[in-house]
$ cat work.csv   # CSV, C-alpha atoms
chain,number,residue,atom,x,y,z
A,21,PRO,CA,-132.0,0.8,224.2
A,22,TYR,CA,-130.4,-0.5,221.0
A,23,ALA,CA,-126.9,-1.7,220.9
A,24,ALA,CA,-124.3,0.4,219.0
A,25,LYS,CA,-124.0,-2.3,216.3
A,26,ASP,CA,-127.8,-2.3,215.6
A,27,LEU,CA,-127.9,1.5,215.5
A,28,TYR,CA,-125.0,1.6,213.1
A,29,GLU,CA,-126.5,-1.0,210.7
A,30,LEU,CA,-129.9,0.9,210.8
A,31,ALA,CA,-128.1,4.2,210.0
A,32,VAL,CA,-126.4,2.6,207.0
A,33,ILE,CA,-129.7,1.4,205.6
A,34,ILE,CA,-131.3,4.8,206.2
A,35,ASN,CA,-128.4,6.6,204.5
A,36,GLU,CA,-128.5,4.3,201.5
A,37,LYS,CA,-132.2,5.2,201.1
A,38,GLY,CA,-131.2,8.9,200.8
A,39,ASN,CA,-132.5,10.0,204.2
A,40,THR,CA,-129.3,11.8,205.2
A,41,ASP,CA,-130.7,13.6,208.2
A,42,GLY,CA,-132.1,10.4,209.7
A,43,ALA,CA,-128.8,8.7,209.1
A,44,ILE,CA,-126.9,11.5,210.9
A,45,GLN,CA,-129.2,11.1,213.9
A,46,LEU,CA,-128.7,7.4,214.0
A,47,TYR,CA,-124.9,7.7,213.6
A,48,GLN,CA,-124.8,10.2,216.4
A,49,ARG,CA,-126.9,7.9,218.6
A,50,THR,CA,-124.4,5.1,217.9
A,51,ILE,CA,-121.6,7.3,219.1
A,52,GLU,CA,-123.5,8.3,222.2
A,53,THR,CA,-123.8,4.6,222.9
A,54,GLU,CA,-120.2,3.8,222.0
A,55,PRO,CA,-118.1,7.0,221.7
A,56,THR,CA,-115.2,5.2,220.0
A,57,HIS,CA,-117.4,3.7,217.3
A,58,ALA,CA,-114.9,4.4,214.4
A,59,GLN,CA,-117.3,3.4,211.5
A,60,SER,CA,-119.9,5.9,212.7
A,61,HIS,CA,-117.4,8.7,213.0
A,62,PHE,CA,-116.1,7.9,209.5
A,63,ALA,CA,-119.6,7.8,208.0
A,64,LEU,CA,-120.4,11.2,209.6
A,65,GLY,CA,-117.1,12.5,208.2
A,66,GLU,CA,-118.2,11.4,204.7
A,67,ILE,CA,-121.7,13.0,205.0
A,68,PHE,CA,-120.4,16.3,206.4
A,69,TYR,CA,-117.6,16.5,203.9
A,70,THR,CA,-120.0,15.9,201.0
A,71,SER,CA,-122.4,18.6,202.3
A,72,GLY,CA,-119.5,21.1,202.7
A,73,ASN,CA,-119.3,21.1,206.5
A,74,THR,CA,-115.6,20.5,206.4
A,75,GLU,CA,-114.9,21.4,210.0
A,76,ALA,CA,-117.4,18.8,211.4
A,77,ALA,CA,-116.1,16.3,208.7
A,78,LEU,CA,-112.5,16.7,209.8
A,79,ASN,CA,-113.4,16.2,213.5
A,80,HIS,CA,-115.2,12.9,212.8
A,81,TYR,CA,-112.5,11.7,210.4
A,82,GLN,CA,-109.9,12.3,213.0
A,83,GLN,CA,-111.8,10.5,215.7
A,84,ALA,CA,-112.3,7.6,213.4
A,85,LEU,CA,-108.6,7.5,212.5
A,86,SER,CA,-107.6,7.7,216.2
A,87,VAL,CA,-109.4,4.5,216.8
A,88,MET,CA,-108.7,2.7,213.5
A,89,PRO,CA,-105.6,4.1,211.7
A,90,SER,CA,-106.2,1.7,208.9
A,91,PHE,CA,-109.0,3.9,207.7
A,92,LYS,CA,-106.3,6.0,206.0
A,93,ASP,CA,-106.3,3.4,203.2
A,94,THR,CA,-110.0,4.1,202.6
A,95,PHE,CA,-109.1,7.6,201.2
A,96,TYR,CA,-106.8,6.0,198.5
A,97,GLU,CA,-108.9,3.0,197.5
A,98,PRO,CA,-111.1,5.1,195.1
A,99,LEU,CA,-107.9,6.0,193.2
A,100,GLU,CA,-107.2,2.4,192.2
A,101,PRO,CA,-109.0,2.9,188.8
A,102,TYR,CA,-106.7,5.9,188.3
A,103,PHE,CA,-103.6,3.8,188.9
A,104,ALA,CA,-105.0,1.3,186.4
A,105,GLY,CA,-105.4,4.0,183.8
A,106,LEU,CA,-109.2,3.9,184.0
A,107,MET,CA,-109.8,7.3,185.4
A,108,THR,CA,-108.9,10.8,184.2
A,109,PRO,CA,-107.0,13.3,186.3
A,110,ASP,CA,-110.2,15.5,186.6
A,111,GLN,CA,-112.0,12.5,188.0
A,112,ALA,CA,-109.2,11.7,190.5
A,113,MET,CA,-108.6,15.2,191.7
A,114,PRO,CA,-111.6,15.5,194.1
A,115,MET,CA,-110.6,12.2,195.7
A,116,ILE,CA,-107.0,13.3,196.4
A,117,GLU,CA,-108.1,16.7,197.6
A,118,LYS,CA,-110.1,15.0,200.3
A,119,ALA,CA,-107.2,12.8,201.2
A,120,MET,CA,-104.9,15.9,201.5
A,121,PHE,CA,-107.5,17.7,203.6
A,122,VAL,CA,-107.9,14.9,206.1
A,123,LEU,CA,-104.3,13.5,206.0
A,124,PRO,CA,-102.0,16.5,205.4
A,125,ASP,CA,-99.0,14.7,206.9
A,126,ASP,CA,-99.5,11.4,205.0
A,127,PRO,CA,-96.9,11.5,202.1
A,128,ARG,CA,-99.2,9.3,200.0
A,129,ALA,CA,-101.7,12.2,199.7
A,130,SER,CA,-99.2,14.7,198.4
A,131,PHE,CA,-97.3,12.1,196.3
A,132,TYR,CA,-100.5,11.0,194.5
A,133,ALA,CA,-101.5,14.7,194.1
A,134,GLY,CA,-98.2,15.3,192.4
A,135,MET,CA,-98.9,12.5,190.0
A,136,ILE,CA,-102.4,13.6,189.2
A,137,GLU,CA,-101.3,17.3,188.7
A,138,THR,CA,-98.5,16.1,186.4
A,139,ASP,CA,-100.9,14.1,184.3
A,140,ALA,CA,-103.2,17.1,184.2
A,141,GLY,CA,-100.4,19.3,182.9
A,142,ASN,CA,-100.3,21.5,186.1
A,143,THR,CA,-96.5,21.4,186.5
A,144,GLU,CA,-96.2,24.1,189.2
A,145,ASN,CA,-98.9,22.4,191.4
A,146,ALA,CA,-97.2,19.1,190.9
A,147,ILE,CA,-93.9,20.5,192.0
A,148,GLN,CA,-95.4,21.9,195.2
A,149,HIS,CA,-97.0,18.5,196.0
A,150,TYR,CA,-93.8,16.6,195.4
A,151,GLU,CA,-91.9,19.1,197.6
A,152,LYS,CA,-94.4,18.6,200.4
A,153,THR,CA,-93.9,14.8,200.0
A,154,ILE,CA,-90.1,15.2,200.3
A,155,GLU,CA,-90.5,17.4,203.4
A,156,ILE,CA,-92.5,14.6,205.1
A,157,ILE,CA,-90.2,11.7,204.1
A,158,GLU,CA,-87.0,13.5,204.9
A,159,ALA,CA,-88.4,14.0,208.4
A,160,ASP,CA,-89.3,10.3,208.6
A,161,THR,CA,-87.2,8.2,206.3
A,162,SER,CA,-89.0,5.0,207.3
A,163,TYR,CA,-91.5,6.0,204.6
A,164,LEU,CA,-88.9,5.1,202.0
A,165,GLN,CA,-89.6,1.5,202.8
A,166,VAL,CA,-93.2,1.8,201.9
A,167,GLU,CA,-94.3,0.2,198.6
A,168,LEU,CA,-96.9,2.1,196.6
A,169,PRO,CA,-99.1,0.9,193.8
A,170,LEU,CA,-96.7,2.6,191.3
A,171,GLY,CA,-93.3,2.4,192.8
A,172,ASN,CA,-92.1,4.0,196.1
A,173,PHE,CA,-91.4,7.3,197.7
A,174,ILE,CA,-87.9,7.5,196.2
A,175,ASP,CA,-89.7,8.1,193.0
A,176,THR,CA,-90.7,11.5,194.4
A,177,TYR,CA,-87.1,12.8,193.9
A,178,PHE,CA,-87.0,11.4,190.3
A,179,LYS,CA,-90.4,12.9,189.4
A,180,LEU,CA,-89.5,16.2,190.9
A,181,GLY,CA,-86.1,16.2,189.1
A,182,GLU,CA,-87.8,15.4,185.8
A,183,LEU,CA,-90.2,18.3,186.1
A,184,HIS,CA,-87.4,20.7,186.8
A,185,HIS,CA,-85.4,19.2,183.9
A,186,GLN,CA,-88.4,19.8,181.6
A,187,GLN,CA,-88.5,23.4,182.8
A,188,GLY,CA,-84.8,23.8,182.1
A,189,ASP,CA,-83.7,24.2,185.7
A,190,LEU,CA,-80.9,21.6,185.4
A,191,ASP,CA,-79.1,22.5,188.7
A,192,THR,CA,-82.3,21.8,190.7
A,193,ALA,CA,-83.0,18.7,188.7
A,194,VAL,CA,-79.5,17.3,189.3
A,195,ARG,CA,-79.8,18.0,193.0
A,196,TYR,CA,-83.0,15.9,193.3
A,197,PHE,CA,-81.6,13.1,191.1
A,198,LYS,CA,-78.4,12.9,193.2
A,199,ARG,CA,-80.4,12.8,196.4
A,200,ALA,CA,-82.4,9.9,195.0
A,201,LEU,CA,-79.2,8.0,194.2
A,202,GLU,CA,-77.8,8.7,197.7
A,203,LEU,CA,-80.9,7.0,199.1
A,204,ASN,CA,-80.6,4.1,196.7
A,205,PRO,CA,-77.4,3.8,194.7
A,206,ALA,CA,-78.8,0.7,192.9
A,207,LEU,CA,-81.0,3.1,190.8
A,208,ALA,CA,-78.1,4.6,189.0
A,209,ASP,CA,-79.0,3.0,185.7
A,210,ARG,CA,-82.7,4.1,185.9
A,211,PHE,CA,-82.6,6.6,183.0
A,212,ILE,CA,-80.2,4.7,180.8
A,213,VAL,CA,-82.5,1.7,181.0
A,214,GLN,CA,-85.5,3.8,180.1
A,215,GLY,CA,-83.7,5.3,177.2
A,216,GLN,CA,-82.4,2.0,175.9
A,217,ARG,CA,-85.8,0.5,176.1
A,218,ALA,CA,-87.5,3.3,174.2
A,219,PHE,CA,-84.7,3.2,171.6
A,220,ASP,CA,-85.1,-0.6,171.2
A,221,GLU,CA,-88.8,-0.1,170.7
A,222,GLU,CA,-88.1,2.5,168.1
A,223,ASN,CA,-89.7,5.2,170.2
A,224,TYR,CA,-86.7,7.5,169.6
A,225,GLN,CA,-88.3,10.7,170.8
A,226,ASP,CA,-89.1,9.0,174.1
A,227,ALA,CA,-85.5,7.9,174.5
A,228,ILE,CA,-84.1,11.5,174.4
A,229,GLU,CA,-85.2,12.9,177.7
A,230,PRO,CA,-84.0,10.0,179.9
A,231,LEU,CA,-80.7,9.8,178.1
A,232,ASN,CA,-80.1,13.5,178.6
A,233,ILE,CA,-80.9,13.1,182.3
A,234,HIS,CA,-78.5,10.2,182.6
A,235,LEU,CA,-75.8,12.2,181.0
A,236,LEU,CA,-76.4,15.1,183.4
A,237,LEU,CA,-75.5,12.6,186.2
A,238,PHE,CA,-72.9,10.6,184.3
A,239,PRO,CA,-71.5,12.9,181.6
A,240,GLU,CA,-68.6,10.5,180.7
A,241,ASP,CA,-70.8,7.6,179.9
A,242,VAL,CA,-69.7,6.9,176.3
A,243,SER,CA,-72.4,4.4,175.4
A,244,ALA,CA,-75.2,6.7,176.6
A,245,THR,CA,-73.7,9.6,174.7
A,246,TYR,CA,-73.6,7.6,171.5
A,247,LEU,CA,-77.1,6.2,172.1
A,248,LEU,CA,-78.4,9.8,172.5
A,249,GLY,CA,-76.7,10.8,169.2
A,250,GLN,CA,-78.4,7.9,167.5
A,251,SER,CA,-81.8,8.8,169.1
A,252,TYR,CA,-81.5,12.4,167.8
A,253,GLU,CA,-80.5,11.2,164.3
A,254,ALA,CA,-83.4,8.8,164.2
A,255,SER,CA,-85.7,11.7,165.3
A,256,ASP,CA,-84.3,13.8,162.4
A,257,ASP,CA,-82.5,16.2,164.7
A,258,THR,CA,-79.2,15.9,162.9
A,259,ASP,CA,-77.6,18.9,164.5
A,260,SER,CA,-78.0,17.5,167.9
A,261,ALA,CA,-76.9,14.1,166.6
A,262,ILE,CA,-73.7,15.6,165.4
A,263,THR,CA,-73.2,17.3,168.8
A,264,PHE,CA,-73.4,14.0,170.6
A,265,TYR,CA,-71.4,12.1,168.1
A,266,GLU,CA,-68.6,14.6,168.5
A,267,ARG,CA,-68.9,14.3,172.3
A,268,THR,CA,-68.7,10.5,171.9
A,269,LEU,CA,-65.5,11.0,170.0
A,270,THR,CA,-64.1,13.3,172.6
A,271,LEU,CA,-64.7,10.6,175.2
A,272,ASP,CA,-63.5,7.8,172.9
A,273,PRO,CA,-61.6,9.0,169.8
A,274,GLN,CA,-61.1,5.5,168.4
A,275,ARG,CA,-64.7,5.1,167.1
A,276,PRO,CA,-64.9,4.7,163.3
A,277,ASP,CA,-68.5,3.7,163.7
A,278,VAL,CA,-69.4,7.1,165.1
A,279,LEU,CA,-67.5,8.8,162.3
A,280,PHE,CA,-69.4,6.8,159.7
A,281,LYS,CA,-72.6,8.0,161.3
A,282,MET,CA,-71.4,11.6,160.9
A,283,VAL,CA,-70.4,11.0,157.3
A,284,HIS,CA,-73.9,9.6,156.6
A,285,ILE,CA,-75.4,12.8,157.9
A,286,TYR,CA,-73.1,15.1,156.0
A,287,ARG,CA,-73.6,13.3,152.7
A,288,GLY,CA,-77.3,13.4,153.3
A,289,ARG,CA,-77.1,17.1,153.7
A,290,GLU,CA,-74.7,17.3,150.6
A,291,ALA,CA,-72.2,18.9,153.0
A,292,HIS,CA,-69.4,17.2,151.0
A,293,GLN,CA,-66.5,19.2,152.5
A,294,GLN,CA,-67.5,18.2,156.0
A,295,ALA,CA,-67.9,14.6,154.8
A,296,VAL,CA,-64.3,14.7,153.3
A,297,GLU,CA,-62.9,16.1,156.6
A,298,THR,CA,-64.8,13.4,158.6
A,299,LEU,CA,-63.7,10.6,156.3
A,300,LYS,CA,-60.1,11.8,156.6
A,301,ARG,CA,-60.4,11.5,160.4
A,302,LEU,CA,-61.9,8.0,160.0
A,303,ILE,CA,-59.1,6.9,157.7
A,304,GLY,CA,-56.6,8.3,160.2
A,305,ILE,CA,-57.8,5.9,162.9
A,306,ALA,CA,-58.8,3.0,160.6
A,307,PRO,CA,-56.7,3.3,157.3
A,308,GLU,CA,-57.8,-0.1,156.0
A,309,THR,CA,-61.5,0.8,156.0
A,310,THR,CA,-62.4,0.3,152.4
A,311,GLU,CA,-65.8,2.0,152.4
A,312,ALA,CA,-64.2,5.1,153.9
A,313,HIS,CA,-61.9,5.4,150.9
A,314,TYR,CA,-64.7,4.8,148.5
A,315,LEU,CA,-67.0,7.5,150.1
A,316,LEU,CA,-64.0,9.8,150.2
A,317,ALA,CA,-63.6,9.4,146.5
A,318,LEU,CA,-67.4,10.1,145.9
A,319,SER,CA,-67.3,13.1,148.1
A,320,TYR,CA,-64.3,14.5,146.1
A,321,LEU,CA,-66.3,14.0,142.9
A,322,SER,CA,-69.2,15.9,144.4
A,323,LEU,CA,-66.8,18.7,145.2
A,324,LYS,CA,-65.5,18.6,141.6
A,325,GLN,CA,-62.1,17.5,142.7
A,326,PRO,CA,-61.4,14.6,140.4
A,327,ASN,CA,-57.6,14.6,141.0
A,328,ASP,CA,-58.3,13.9,144.6
A,329,ALA,CA,-61.0,11.4,143.9
A,330,LEU,CA,-58.8,9.1,141.7
A,331,PRO,CA,-56.2,8.1,144.4
A,332,ALA,CA,-59.1,7.3,146.7
A,333,PHE,CA,-60.7,5.1,144.1
A,334,LEU,CA,-57.4,3.4,143.5
A,335,GLU,CA,-57.0,2.8,147.3
A,336,THR,CA,-60.5,1.3,147.3
A,337,ILE,CA,-59.4,-1.1,144.6
A,338,ARG,CA,-56.3,-2.0,146.5
A,339,LEU,CA,-58.3,-2.9,149.5
A,340,ARG,CA,-61.3,-4.4,147.7
A,341,PRO,CA,-60.0,-5.8,144.3
A,342,ASP,CA,-63.5,-6.9,143.2
A,343,ASP,CA,-65.1,-3.4,143.5
A,344,VAL,CA,-66.8,-2.9,140.1
A,345,ALA,CA,-67.9,0.7,140.8
A,346,ALA,CA,-64.4,1.8,141.9
A,347,TYR,CA,-62.9,0.4,138.7
A,348,TYR,CA,-65.5,2.1,136.6
A,349,HIS,CA,-65.0,5.5,138.3
A,350,ALA,CA,-61.2,5.1,138.1
A,351,ALA,CA,-61.5,4.3,134.4
A,352,ILE,CA,-63.5,7.4,133.7
A,353,LEU,CA,-61.1,9.6,135.6
A,354,PHE,CA,-58.1,8.1,133.8
A,355,GLU,CA,-59.9,8.8,130.5
A,356,GLU,CA,-60.6,12.4,131.4
A,357,ASN,CA,-56.9,12.8,132.3
A,358,GLY,CA,-55.9,11.4,128.9
A,359,GLU,CA,-54.4,8.3,130.4
A,360,ILE,CA,-55.9,6.0,127.8
A,361,ASP,CA,-54.0,2.8,128.6
A,362,ASN,CA,-55.0,3.0,132.3
A,363,ALA,CA,-58.6,3.8,131.3
A,364,ILE,CA,-58.8,0.8,129.1
A,365,LEU,CA,-57.3,-1.4,131.8
A,366,HIS,CA,-59.8,-0.3,134.3
A,367,TYR,CA,-62.8,-0.5,131.9
A,368,GLU,CA,-61.7,-4.0,131.0
A,369,LYS,CA,-61.5,-5.0,134.6
A,370,THR,CA,-64.9,-3.6,135.2
A,371,ILE,CA,-66.4,-5.9,132.6
A,372,THR,CA,-64.3,-8.8,133.8
A,373,LEU,CA,-65.9,-8.4,137.2
A,374,ASP,CA,-69.4,-8.0,135.8
A,375,THR,CA,-69.8,-9.5,132.3
A,376,THR,CA,-73.4,-8.2,132.1
A,377,LEU,CA,-72.0,-4.8,131.5
A,378,ILE,CA,-70.5,-5.6,128.1
A,379,GLU,CA,-73.6,-4.4,126.3
A,380,SER,CA,-74.0,-1.4,128.5
A,381,ASP,CA,-72.6,2.1,128.4
A,382,ILE,CA,-69.4,0.7,130.0
A,383,GLY,CA,-68.9,-1.7,127.1
A,384,ARG,CA,-69.5,1.1,124.6
A,385,ASN,CA,-67.0,3.3,126.4
A,386,LEU,CA,-64.3,0.7,125.7
A,387,GLN,CA,-64.7,1.5,122.0
A,388,THR,CA,-66.0,5.0,121.2
A,389,PRO,CA,-64.4,7.5,123.6
A,390,MET,CA,-60.8,6.2,123.1
A,391,GLN,CA,-60.1,7.9,119.8
A,392,GLY,CA,-60.2,4.7,117.9
A,393,VAL,CA,-58.6,2.5,120.4
A,394,LYS,CA,-60.6,-0.6,120.9
A,395,ALA,CA,-60.6,-2.5,124.1
A,396,THR,CA,-59.3,-6.1,124.1
A,397,GLU,CA,-62.1,-8.5,124.2
A,398,VAL,CA,-62.6,-10.1,127.6

$ encode --input "work.csv" --output "structure tokens"
Amino acid sequence: PYAAKDLYELAVIINEKGNTDGAIQLYQRTIETEPTHAQSHFALGEIFYTSGNTEAALNHYQQALSVMPSFKDTFYEPLEPYFAGLMTPDQAMPMIEKAMFVLPDDPRASFYAGMIETDAGNTENAIQHYEKTIEIIEADTSYLQVELPLGNFIDTYFKLGELHHQQGDLDTAVRYFKRALELNPALADRFIVQGQRAFDEENYQDAIEPLNIHLLLFPEDVSATYLLGQSYEASDDTDSAITFYERTLTLDPQRPDVLFKMVHIYRGREAHQQAVETLKRLIGIAPETTEAHYLLALSYLSLKQPNDALPAFLETIRLRPDDVAAYYHAAILFEENGEIDNAILHYEKTITLDTTLIESDIGRNLQTPMQGVKATEV
């Protein structure tokens, strides 16, 4: 009689040549010779599973695993190209289905199934698989120490939370996120780090979801709130940007930089009244901010309120005595008010600050609109 080792090697050769029936007989003879021959049981499991005889396949897989538990890894090795981004979800699905069939209590099977279903866009299926994973690891928390090719099992809570967040089920999302942080408090900055990285790489749309999640968990984080406002603004969602800039100011009212962001949006929309109101708030907390006074003056001009604009231009000049534009605007407003001496003074100062303007319209304004009054040469 042949030894089990010889029978097994012959069965492998016969199977590789496509003689499945002959291979089955030889694997079975190997097992008759050595009932605990794990490789033969596993090989029969593969053949029967492929042919659709799942009951016989499961029996042989289980016997192989009872002798060699390390065979579990064999079910996941074909997925390595998927983890490397070299395999589509459709290609990976049959492999993970087999793993779940044979190893229903191994959290890796349901975890990877959740990943694959997520990538395939099958959110409900993904949620079910992640819930199964959590059921297993909550019953045996030692799994939390297991490292996976892409993270660890704590990621299950985050992934499940993210799916519920995308569906708008915020309460459920927060529950899973908080459970993850209970298990590992060091992960508290997970989403703010993701958001900051995306923002720094100018992937502003990609920054929005993680920052929103972070603020669900830490609603009083000022820097994250401001960063989310900036992300929305950079993504051209200015309504949401204003919402989070206002929320930033609620958390930290002394933020002229945030108010400047809002002014930029309002002026871009030509919402000049809102710009004026925001600039007044800014000046209220930072009265020496020259640019705020200058923008306030321009906004008043846009609202056709020259009498309000003039004091703002004059305050700009007080704070920034070399501001050519402020002098010029003030000169025009003085002229329109009939204050010719003040108009001449400010036109002259404009040209003093920028002599290239002597031959321009500004230079001509010193002579023609003043009803014969000629500016002193400078």

$ residues_near_point --input "work.csv" --point "(-77.7, 8.2, 173.0)" --cutoff "8 Å" --atoms "only C-alpha atoms" --output "MDAnalysis selection string"
chainID A and resid 215 227:228 231 243:252 264

$ atom_distance --input "work.csv" --atom1 "atom CA of Phe211 of chain A" --atom2 "atom CA of His234 of chain A"
5.5 Å

$ residues_around --input "work.csv" --residues "Leu334 of chain A" --least-positions-apart "6" --cutoff "9 Å" --atoms "all atoms listed in the file" --output "PyMOL selection string"
chain A and resi 313-314+346-347+350

$ closest_residue --input "work.csv" --among "A:Asp110, A:Val296, A:Asp342, A:Gln83" --to "Gly65 of chain A" --atoms "all atoms listed in the file"
A:Gln83

$ closest_residue --input "work.csv" --among "A:Leu183, A:Ile233, A:Ala112, A:Leu302" --to "Leu269 of chain A" --atoms "only C-alpha atoms"
A:Leu302

$ residues_near_point --input "work.csv" --point "(-55.0, 12.5, 133.4)" --cutoff "12 Å" --atoms "only C-alpha atoms" --output "PyMOL selection string"
chain A and resi 326-328+330-331+350-363

$ write_last_selection --input "work.csv" --atoms "C-alpha atoms" --output "tab-separated table (two decimals), keeping the file's coordinate frame"
chain	number	residue	atom	x	y	z
A	326	PRO	CA	-61.40	14.60	140.40
A	327	ASN	CA	-57.60	14.60	141.00
A	328	ASP	CA	-58.30	13.90	144.60
A	330	LEU	CA	-58.80	9.10	141.70
A	331	PRO	CA	-56.20	8.10	144.40
A	350	ALA	CA	-61.20	5.10	138.10
A	351	ALA	CA	-61.50	4.30	134.40
A	352	ILE	CA	-63.50	7.40	133.70
A	353	LEU	CA	-61.10	9.60	135.60
A	354	PHE	CA	-58.10	8.10	133.80
A	355	GLU	CA	-59.90	8.80	130.50
A	356	GLU	CA	-60.60	12.40	131.40
A	357	ASN	CA	-56.90	12.80	132.30
A	358	GLY	CA	-55.90	11.40	128.90
A	359	GLU	CA	-54.40	8.30	130.40
A	360	ILE	CA	-55.90	6.00	127.80
A	361	ASP	CA	-54.00	2.80	128.60
A	362	ASN	CA	-55.00	3.00	132.30
A	363	ALA	CA	-58.60	3.80	131.30

$ residues_around --input "work.csv" --residues "Ala58 of chain A" --least-positions-apart "5" --cutoff "12 Å" --atoms "all atoms listed in the file" --output "list in words"
Ala24, Lys25, Tyr28, Tyr47, Gln48, Thr50, Ile51, Ala63, Leu64, Gly65, Asn79, His80, Tyr81, Gln82, Gln83, Ala84, Leu85, Ser86, Val87, Met88, Pro89, Ser90 and Phe91 of chain A

$ closest_residue --input "work.csv" --among "A:Leu316, A:Ala200, A:Leu46, A:Leu373" --to "Asp26 of chain A" --atoms "all atoms listed in the file"
A:Leu46

$ closest_residue --input "work.csv" --among "A:Gln274, A:Ser260, A:Asn204, A:Thr108" --to "Met135 of chain A" --atoms "all atoms listed in the file"
A:Thr108

$ atom_distance --input "work.csv" --atom1 "atom CA of Ala208 of chain A" --atom2 "atom CA of Ile262 of chain A"
26.4 Å

$ atom_distance --input "work.csv" --atom1 "atom CA of Met107 of chain A" --atom2 "atom CA of Asn142 of chain A"
17.1 Å

$ residues_around --input "work.csv" --residues "Val283 of chain A" --least-positions-apart "2" --cutoff "10 Å" --atoms "all atoms listed in the file" --output "mmCIF file with C-alpha atoms, in the frame of the given file"
data_model
loop_
_atom_site.group_PDB
_atom_site.id
_atom_site.type_symbol
_atom_site.label_atom_id
_atom_site.label_comp_id
_atom_site.auth_asym_id
_atom_site.auth_seq_id
_atom_site.Cartn_x
_atom_site.Cartn_y
_atom_site.Cartn_z
ATOM 1 C CA ILE A 262 -73.700 15.600 165.400
ATOM 2 C CA ASP A 277 -68.500 3.700 163.700
ATOM 3 C CA VAL A 278 -69.400 7.100 165.100
ATOM 4 C CA LEU A 279 -67.500 8.800 162.300
ATOM 5 C CA PHE A 280 -69.400 6.800 159.700
ATOM 6 C CA LYS A 281 -72.600 8.000 161.300
ATOM 7 C CA ILE A 285 -75.400 12.800 157.900
ATOM 8 C CA TYR A 286 -73.100 15.100 156.000
ATOM 9 C CA ARG A 287 -73.600 13.300 152.700
ATOM 10 C CA GLY A 288 -77.300 13.400 153.300
ATOM 11 C CA ARG A 289 -77.100 17.100 153.700
ATOM 12 C CA ALA A 291 -72.200 18.900 153.000
ATOM 13 C CA HIS A 292 -69.400 17.200 151.000
ATOM 14 C CA GLN A 294 -67.500 18.200 156.000
ATOM 15 C CA ALA A 295 -67.900 14.600 154.800
ATOM 16 C CA VAL A 296 -64.300 14.700 153.300
ATOM 17 C CA GLU A 297 -62.900 16.100 156.600
ATOM 18 C CA THR A 298 -64.800 13.400 158.600
ATOM 19 C CA LEU A 299 -63.700 10.600 156.300
ATOM 20 C CA LEU A 302 -61.900 8.000 160.000
ATOM 21 C CA ALA A 312 -64.200 5.100 153.900
ATOM 22 C CA LEU A 315 -67.000 7.500 150.100
ATOM 23 C CA LEU A 316 -64.000 9.800 150.200
ATOM 24 C CA SER A 319 -67.300 13.100 148.100
#

$ closest_residue --input "work.csv" --among "A:Lys179, A:His349, A:Lys198, A:Arg275" --to "Leu236 of chain A" --atoms "only C-alpha atoms"
A:Lys198

$ closest_residue --input "work.csv" --among "A:Ile154, A:Leu271, A:Ile34, A:Ala218" --to "Asp241 of chain A" --atoms "all atoms listed in the file"
A:Leu271

$ axis_aligned_box --input "work.csv" --around "segment 152-161 of chain A" --padding-each-side "5 Å" --output "lines of an AutoDock Vina configuration file"
center_x = -90.7
center_y = 13.4
center_z = 204.3
size_x = 17.4
size_y = 20.4
size_z = 18.6

$ residues_around --input "work.csv" --residues "Pro127 of chain A" --least-positions-apart "4" --cutoff "9 Å" --atoms "all atoms listed in the file" --output "short mmCIF file (atom, residue, chain, number, x, y, z; two decimals) with C-alpha atoms, keeping the file's coordinate frame"
data_model
loop_
_atom_site.label_atom_id
_atom_site.label_comp_id
_atom_site.auth_asym_id
_atom_site.auth_seq_id
_atom_site.Cartn_x
_atom_site.Cartn_y
_atom_site.Cartn_z
CA LEU A 123 -104.30 13.50 206.00
CA PHE A 131 -97.30 12.10 196.30
CA TYR A 132 -100.50 11.00 194.50
CA TYR A 150 -93.80 16.60 195.40
CA LYS A 152 -94.40 18.60 200.40
CA THR A 153 -93.90 14.80 200.00
CA ILE A 154 -90.10 15.20 200.30
CA GLU A 155 -90.50 17.40 203.40
CA ILE A 156 -92.50 14.60 205.10
CA ILE A 157 -90.20 11.70 204.10
CA TYR A 163 -91.50 6.00 204.60
CA PHE A 173 -91.40 7.30 197.70
#
